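Heads up: the structure comes next, in structure tokens.
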Amino acid sequence: MKKIINIPQNVVDEMLEGIAYCHNDLVERTEGFDIIKRKLPKSGKVAIISGGGSGHEPSHAGFVGEGMLSAAVCGAVFTSPTPDQVFQAIKDADEGAGVFMVIKNYSGDIMNFEMAQEMAEMEDIKVDSIVVDDDIAVEDSLYTQGKRGVAGTILVHKILGHAAKEGKTLEEIKAIATQLVPNIKTIGVALSGATVPEVGKPGFVLGETEIEYGVGIHGEPGYRKENLKPSKELAQELVDKLLSDFERDETDKFAILINGLGGTPLMEQYVFANDVAHLLEQNNITVDFKKIGSYMTSIEMAGISLTLLKLADAKWLEALNAPVNTPAW
């Protein structure tokens, strides 16, 4: 294992200190907790929080700031944050109008965020939530009942963050989230595994020329292994799977997110993007918003994911294009 770290057990703590140092104009760390919160005067609006296990950087702390998240709670690598950590994030973020939690669909995350919600409600803090389950690759896999939550979560942060900034109520934000999440679908492909620092070896190993479709962001198994194909064929597989999962017509408009999983250079992401563009054009898909980069990673995993969001509400496009001030968007 070659990593630029000190003691493996201190990785998350030292990473959070580094985030707070590098972006001290935007965010700060809650003393004694694994929480990154924004440095903004509270204005009485709904707060949006998210979080989960570390190892997916810049998710979620990189999206804390004006227009997106009020706070992000960071668990150990690939491990859900504890209820007390989430509860503290709720208290840090609350501005008096309630807190809305964006939760990825993993059993530990759901249990611990819900326990924190109960703790907050005992202190008269209004809390609601949405569970993001955008990964169409597999259902009921390791750690998950139903579909996993992956890179599409970032688009939820962006759209709900905009709604909160506009002064929408907790109930209005819940309604937006409920309509939004079923319109987001993601699928990915891995070229290599990821090494959790405290484990010291990859969670799974692929052969020299082997790839796996549908691997999860914690290294959960996908749906098929085969030999590496050119980017065009990888794009064909992912685009076909995604489009077959949507009910659509010629009037539909889409947003796309091309996401590197941690070890994929931007050069390769742009090659893949070019192939995706041609395939979407062939399928008469109108794309009104594009985003590319490594936003929801799996430590150093080589691979890529593709997210499509059907823009069922024109306000979602406005929200995606709205300026924000965060470390990573």
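Just so we're on the same page: first chain in the structure tokens is A, next is B, and so on; residues restart at 1 for each chain, and ligands are numbered from 1 in the order they show up.
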Nearby residues (only C-alpha atoms) at most 9 Å from A:Glu212, same-chain spacing under 2 positions excluded, as an MDAnalysis selection string: chainID A and resid 188:192 206 210 214:215 221:228
Could the residues in this selection be written to a file with C-alpha atoms, as a PDB file, in the first residue's frame?
ATOM      1  CA  GLY A 188     -20.558   2.883 -13.389  1.00  0.00           C
ATOM      2  CA  VAL A 189     -17.646   0.659 -14.367  1.00  0.00           C
ATOM      3  CA  ALA A 190     -14.493  -0.141 -12.367  1.00  0.00           C
ATOM      4  CA  LEU A 191     -11.018  -0.885 -13.673  1.00  0.00           C
ATOM      5  CA  SER A 192      -9.443  -1.491 -10.263  1.00  0.00           C
ATOM      6  CA  LEU A 206      -9.446  -7.284 -11.118  1.00  0.00           C
ATOM      7  CA  GLU A 210     -10.423  -7.123 -16.534  1.00  0.00           C
ATOM      8  CA  GLY A 214     -21.809  -1.824 -11.673  1.00  0.00           C
ATOM      9  CA  VAL A 215     -19.276  -1.896  -8.825  1.00  0.00           C
ATOM     10  CA  PRO A 221     -19.898  -6.360  -6.449  1.00  0.00           C
ATOM     11  CA  GLY A 222     -21.290  -5.301  -9.812  1.00  0.00           C
ATOM     12  CA  TYR A 223     -23.238  -7.255 -12.390  1.00  0.00           C
ATOM     13  CA  ARG A 224     -20.662  -8.421 -14.969  1.00  0.00           C
ATOM     14  CA  LYS A 225     -16.929  -8.805 -15.474  1.00  0.00           C
ATOM     15  CA  GLU A 226     -15.261  -8.855 -18.877  1.00  0.00           C
ATOM     16  CA  ASN A 227     -12.088  -7.794 -20.641  1.00  0.00           C
ATOM     17  CA  LEU A 228     -11.388  -4.095 -21.032  1.00  0.00           C
TER      18      LEU A 228
END
DSSP strand (DSSP E) residues within stretch 110-170 of chain A, as a list in words: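 Of stretch 110-170 of chain A, the ones in strand (DSSP E) are Val127, Asp128, Ser129, Ile130, Val131 and Val132 of chain A.
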Residue nearest A:Gly293 - candidates A:Gln269, A:Ser43, A:Thr209, A:Thr186, atoms counted: only C-alpha atoms: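 Selected residue with least distance to A:Gly293: A:Gln269.
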Nearest residue to A:Ala322 from the set A:Ala194, A:Val276, A:Leu266, A:Leu160 (distances using only C-alpha atoms): A:Leu160
Spatial neighbours of A:Phe113, 8 Å, only C-alpha atoms, chain gap at least 5 places, as a list in words: Pro83, Val86, Phe87, Met101 and Ile103 of chain A
Near-A:Gln9 list (8 Å; only C-alpha atoms; drop same-chain fewer than 2 positions) as number ranges by chain: A: 7, 11-12, 197-198
d(atom CA of A:Ile256, atom CA of A:Ala273) in Å: 9.8 Å
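Taking atom CA of A:Pro81 as the reference point, atom CA of A:Met115 is found at 11.4 Å.
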